[in-house]
Amino acid sequence: MFFKNAKIFTSDFQFHLGAFQVEDGRFGAVLPENVPEDAVDLHGATVIPGLIDVHNHGNSNADFSDGDYEGLKRMARYLAREGVTSFAPASMTLPYDILEKAFATAKQLAEEKPEGHSRLRGIQMEGPYFSYKKRGAQNPDYLKNPDFEGFRKLYEGCGGLVRIVDIAPELPGAVAFVEQAKRLCTVSIAHTDCTYDDAKAAYDAGATHLTHLYNAMPPIHHRSPGAIPAAVENPHVRAEIICDGLHIHPASVRLAFSMFGGERMILVSDAGRCCGLPEESKFDLGGQDAWLRGGVGRLADGTIACSATNLFDCMVNAIRFGVNEADAVRAASYNPACAIGAEEEVGSIAPGKTADFIICSPDYREKRVFLAGKELV
């Protein structure tokens with residue numbers, strides 16, 4: 001099947017007016033010169049790749065860390081409807097046995113690939129190797145120093161599905177952990193009170209990711225720069241940012257894209273189980289009580305715990321905040337695919353890749369979602 005007269009976000013990270021082909025669940029020709037007369041006319045609609053959320057805890061009153069397979073499927077179904085066609089759910093700071101159970105459900109979903117659901121393409125292991133001071137909403141009872149052998153067992157137990165593991169680089173043994181874990185997956189700095197030198201040592205050792213930029217880390221200070229400038233200086237590091245309009249001021253979102261460039265930014269939702277629930281809902285977050293208040297998840301003391309949005313809306317917010325449209329789309333599709341090693345399969349509209357795409361109105365208020373070439377209904 002051919003689609004024509006579309007504004008297509010192609011693999012050069014620019015929009016082009018033209019046509020594209022979908023055949024046997026994959027993209028065929030993109031911007032071909034000869035288009036069949038019976039091609040579907042999209043009348044100038046915008047077509048972007050399916051989005052990829054590499055930091056999502058839950059939605060619809062389900063959390064990945066519950067270790068509940070039906071809840072994980074409910075999460076994946078919701079994500080698909082919102083145009084998030086691939087995801088890597090994020091765990092919380094919890095005991096290893098609870099993480100092991102959650103990771104097993106991820107393995108099951110990744111293997112079963114139920115139709116009409118977002119494809120699970122990895123896991124982000126957020127915790128337990130974090131700073132107490134910058135723990136945020138992570139449960140302090142389960143914080144640990146870096147433990148490569150414990151991590152390796154979890155990694156192997158889920159068949160290598162962990163694609164990102166987070167760590168505070170100032171903790172004892174952090175650099176050695178990075179040197180070993182980088183051979184298995186992306187290593188990210190997160191929930192840290194580190195100095196610039198701590199962060200630089202981790203990046204020099206092979207860390208290539210910064211989890212939810214600005215949140216749960218020291219701010220940029222001219223005499224004590226911390227993790228953020230260390231990340232900006234290293235061209236191999238990509239940075240996540242939560243663009244729900246509540247975690248980060250729009251000016252700081254624009255600043256992030258200016259510092260890292262569109263090729264190194266990753267939009268994430270960091271959504272919790274409160275996503276999709278009514279205001280003032282009470283919910284569990286890693287063994288702690290939390291509430292949805294003012295459009296964001298909060299602990300009892302008011303600490304922001306998670307977002308209540310989805311990645312598609314985060315992308316639209318970024319554009320609304322003044323981020324270049326092409327950069328925002330790339331940060332929600334190709335860049336996250338690279339972070340989890342899935343860029344050869346998804347993340348862009350290119351011949352041979354899985355035909356996950358979204359047909360959007362020019363203002364992104366309306367959308368039609370396609371999974372492997374089939375429209376989601």
# chains A, B, ... in the order shown; residues from 1 in each chain; ligands from 1
$ select_by_dssp --residues "stretch 177-352 of chain A" --states "strand (DSSP E)" --output "PyMOL selection string"
chain A and resi 186-189+209-210+238-242+265-268+282-285+288-293+296-299+304-307
$ residues_around --residues "stretch 280-285 of chain A" --least-positions-apart "4" --cutoff "12 Å" --atoms "only C-alpha atoms" --output "PyMOL selection string"
chain A and resi 57-66+91-94+136-139+271-276+289-300+304-308
$ residues_around --residues "A:Asp12" --least-positions-apart "4" --cutoff "12 Å" --atoms "only C-alpha atoms" --output "number ranges by chain"
A: 8, 16, 30, 263, 326-327, 330, 334, 347-350
$ write_last_selection --atoms "N, CA and C atoms" --output "mmCIF file, in the first residue's frame"
data_model
loop_
_atom_site.group_PDB
_atom_site.id
_atom_site.type_symbol
_atom_site.label_atom_id
_atom_site.label_comp_id
_atom_site.auth_asym_id
_atom_site.auth_seq_id
_atom_site.Cartn_x
_atom_site.Cartn_y
_atom_site.Cartn_z
ATOM 1 N N ILE A 8 6.155 14.070 5.412
ATOM 2 C CA ILE A 8 6.773 12.908 6.044
ATOM 3 C C ILE A 8 8.071 13.303 6.745
ATOM 4 N N HIS A 16 9.440 16.170 4.475
ATOM 5 C CA HIS A 16 9.376 16.258 3.019
ATOM 6 C C HIS A 16 7.971 15.896 2.561
ATOM 7 N N VAL A 30 10.342 5.118 0.184
ATOM 8 C CA VAL A 30 10.044 6.387 0.843
ATOM 9 C C VAL A 30 10.408 7.512 -0.114
ATOM 10 N N GLU A 263 20.066 16.352 18.204
ATOM 11 C CA GLU A 263 20.565 14.995 17.987
ATOM 12 C C GLU A 263 20.894 14.272 19.277
ATOM 13 N N ALA A 326 11.130 19.480 14.067
ATOM 14 C CA ALA A 326 11.906 18.309 13.674
ATOM 15 C C ALA A 326 12.737 17.770 14.837
ATOM 16 N N ASP A 327 13.301 18.663 15.644
ATOM 17 C CA ASP A 327 14.092 18.235 16.796
ATOM 18 C C ASP A 327 13.211 17.523 17.825
ATOM 19 N N ARG A 330 12.362 14.023 16.485
ATOM 20 C CA ARG A 330 13.546 13.156 16.591
ATOM 21 C C ARG A 330 13.785 12.737 18.037
ATOM 22 N N TYR A 334 13.747 8.661 17.044
ATOM 23 C CA TYR A 334 15.043 8.066 16.690
ATOM 24 C C TYR A 334 16.036 8.065 17.850
ATOM 25 N N GLY A 347 12.127 3.764 14.923
ATOM 26 C CA GLY A 347 12.624 5.100 15.239
ATOM 27 C C GLY A 347 12.645 6.065 14.077
ATOM 28 N N SER A 348 12.484 5.555 12.859
ATOM 29 C CA SER A 348 12.456 6.444 11.697
ATOM 30 C C SER A 348 11.703 5.778 10.557
ATOM 31 N N ILE A 349 11.266 6.593 9.636
ATOM 32 C CA ILE A 349 10.560 6.108 8.452
ATOM 33 C C ILE A 349 11.607 5.880 7.367
ATOM 34 N N ALA A 350 11.984 4.621 7.217
ATOM 35 C CA ALA A 350 13.055 4.253 6.295
ATOM 36 C C ALA A 350 12.780 2.853 5.753
#
$ closest_residue --among "A:Tyr78, A:Pro172, A:Cys158, A:Phe151" --to "A:Glu111" --atoms "only C-alpha atoms"
A:Cys158
$ residues_around --residues "stretch 79-86 of chain A" --least-positions-apart "3" --cutoff "9 Å" --atoms "only C-alpha atoms" --output "VMD selection string"
chain A and resid 49 to 54 59 74 to 76 116 to 121 310 to 313 337 346 to 347 356 to 358 367 to 371 376 to 377
$ write_last_selection --atoms "N, CA and C atoms" --output "short mmCIF file (atom, residue, chain, number, x, y, z; two decimals), in the first residue's frame"
data_model
loop_
_atom_site.label_atom_id
_atom_site.label_comp_id
_atom_site.auth_asym_id
_atom_site.auth_seq_id
_atom_site.Cartn_x
_atom_site.Cartn_y
_atom_site.Cartn_z
N PRO A 49 7.36 8.94 12.71
CA PRO A 49 7.55 7.57 13.20
C PRO A 49 6.79 7.35 14.50
N GLY A 50 6.46 6.10 14.78
CA GLY A 50 5.92 5.78 16.10
C GLY A 50 6.89 6.22 17.18
N LEU A 51 6.37 6.73 18.28
CA LEU A 51 7.22 7.27 19.33
C LEU A 51 7.73 6.14 20.24
N ILE A 52 8.83 6.42 20.93
CA ILE A 52 9.50 5.42 21.77
C ILE A 52 9.78 6.05 23.12
N ASP A 53 9.13 5.54 24.16
CA ASP A 53 9.31 6.07 25.51
C ASP A 53 10.24 5.14 26.28
N VAL A 54 11.43 5.63 26.62
CA VAL A 54 12.41 4.80 27.32
C VAL A 54 12.41 5.05 28.82
N ASN A 59 0.74 3.58 33.82
CA ASN A 59 -0.46 4.34 33.49
C ASN A 59 -1.67 3.47 33.85
N ARG A 74 -1.98 -3.69 30.01
CA ARG A 74 -2.85 -2.51 30.02
C ARG A 74 -2.04 -1.25 29.75
N MET A 75 -0.85 -1.19 30.33
CA MET A 75 0.05 -0.07 30.04
C MET A 75 0.37 0.00 28.56
N ALA A 76 0.72 -1.15 27.96
CA ALA A 76 1.14 -1.19 26.56
C ALA A 76 0.00 -0.83 25.62
N GLY A 116 -1.86 -4.96 18.72
CA GLY A 116 -2.55 -3.78 19.22
C GLY A 116 -1.94 -3.17 20.46
N HIS A 117 -0.76 -3.66 20.85
CA HIS A 117 -0.07 -3.15 22.03
C HIS A 117 1.29 -2.57 21.63
N SER A 118 1.74 -1.57 22.37
CA SER A 118 3.09 -1.05 22.17
C SER A 118 4.10 -2.17 22.40
N ARG A 119 5.14 -2.21 21.56
CA ARG A 119 6.16 -3.25 21.67
C ARG A 119 7.14 -2.93 22.78
N LEU A 120 7.32 -3.87 23.69
CA LEU A 120 8.31 -3.71 24.75
C LEU A 120 9.67 -4.10 24.18
N ARG A 121 10.59 -3.12 24.16
CA ARG A 121 11.89 -3.33 23.52
C ARG A 121 13.05 -3.19 24.51
N ASN A 310 1.71 11.51 28.71
CA ASN A 310 2.28 10.52 27.80
C ASN A 310 3.26 11.20 26.86
N LEU A 311 4.06 10.41 26.17
CA LEU A 311 5.15 10.95 25.37
C LEU A 311 4.65 11.78 24.20
N PHE A 312 3.53 11.40 23.59
CA PHE A 312 3.01 12.20 22.48
C PHE A 312 2.72 13.62 22.95
N ASP A 313 2.06 13.74 24.08
CA ASP A 313 1.76 15.08 24.60
C ASP A 313 3.03 15.83 25.00
N ALA A 337 15.36 5.42 20.35
CA ALA A 337 15.65 4.12 19.75
C ALA A 337 17.13 3.81 19.86
N VAL A 346 13.36 0.34 14.47
CA VAL A 346 12.32 1.37 14.64
C VAL A 346 12.97 2.73 14.84
N GLY A 347 12.13 3.76 14.92
CA GLY A 347 12.62 5.10 15.24
C GLY A 347 12.65 6.06 14.08
N ASP A 356 5.84 1.32 11.99
CA ASP A 356 5.14 2.00 13.08
C ASP A 356 5.14 3.48 12.76
N PHE A 357 3.96 4.06 12.61
CA PHE A 357 3.90 5.49 12.27
C PHE A 357 2.59 6.09 12.73
N ILE A 358 2.58 7.43 12.74
CA ILE A 358 1.41 8.18 13.18
C ILE A 358 1.06 9.19 12.10
N LYS A 367 -4.83 12.27 15.56
CA LYS A 367 -3.83 11.31 15.10
C LYS A 367 -4.45 9.95 14.84
N ARG A 368 -3.82 9.24 13.91
CA ARG A 368 -4.13 7.84 13.62
C ARG A 368 -2.84 7.06 13.79
N VAL A 369 -2.91 5.97 14.53
CA VAL A 369 -1.72 5.20 14.88
C VAL A 369 -1.68 3.89 14.10
N PHE A 370 -0.50 3.57 13.55
CA PHE A 370 -0.29 2.33 12.80
C PHE A 370 0.82 1.53 13.46
N LEU A 371 0.55 0.26 13.74
CA LEU A 371 1.53 -0.66 14.30
C LEU A 371 1.84 -1.72 13.26
N LEU A 376 -4.43 1.08 14.24
CA LEU A 376 -4.98 0.72 15.53
C LEU A 376 -6.40 1.26 15.64
N VAL A 377 -7.33 0.40 15.97
CA VAL A 377 -8.73 0.82 16.08
C VAL A 377 -9.24 0.57 17.48
#
$ residues_around --residues "A:Lys153" --least-positions-apart "2" --cutoff "12 Å" --atoms "only C-alpha atoms" --output "list of chain:residue names"
A:Tyr96, A:Asp97, A:Leu99, A:Glu100, A:Phe103, A:Asp147, A:Phe148, A:Glu149, A:Gly150, A:Phe151, A:Tyr155, A:Glu156, A:Gly157, A:Cys158, A:Gly159, A:Gly160, A:Leu161, A:Val162, A:Ala181, A:Leu184
$ closest_residue --among "A:Ala88, A:Leu109, A:Ala231, A:Ile359" --to "A:Ala190" --atoms "only C-alpha atoms"
A:Ala231
$ atom_distance --atom1 "atom CA of A:Ala328" --atom2 "atom CA of A:Asn5"
22.4 Å
$ select_by_dssp --residues "stretch 73-310 of chain A" --states "helix (DSSP H, G or I)" --output "ChimeraX atom specification"
/A:73-81,96-112,140-142,148-157,174-181,196-205,227-233,250-260
$ residues_around --residues "A:Asp193" --least-positions-apart "6" --cutoff "9 Å" --atoms "only C-alpha atoms" --output "list of chain:residue names"
A:Ser131, A:Tyr132, A:Lys133, A:Lys134, A:Ala168, A:Pro169, A:Glu170, A:Ala216, A:Met217, A:Pro218, A:Gly226, A:Ala227
$ atom_distance --atom1 "atom CA of A:Gly322" --atom2 "atom CA of A:His249"
12.0 Å
$ closest_residue --among "A:Ala355, A:Val253, A:Leu246, A:Cys338" --to "A:Val323" --atoms "only C-alpha atoms"
A:Val253
$ residues_around --residues "A:Ile220" --least-positions-apart "6" --cutoff "12 Å" --atoms "only C-alpha atoms" --output "list in words"
Asp193, Cys194, Thr195, Tyr196, Leu213, Tyr214, Gly226, Ala227, Ile228, Pro229, Ala230, Ala231, Val232, Ser252, Leu255 and Ala256 of chain A
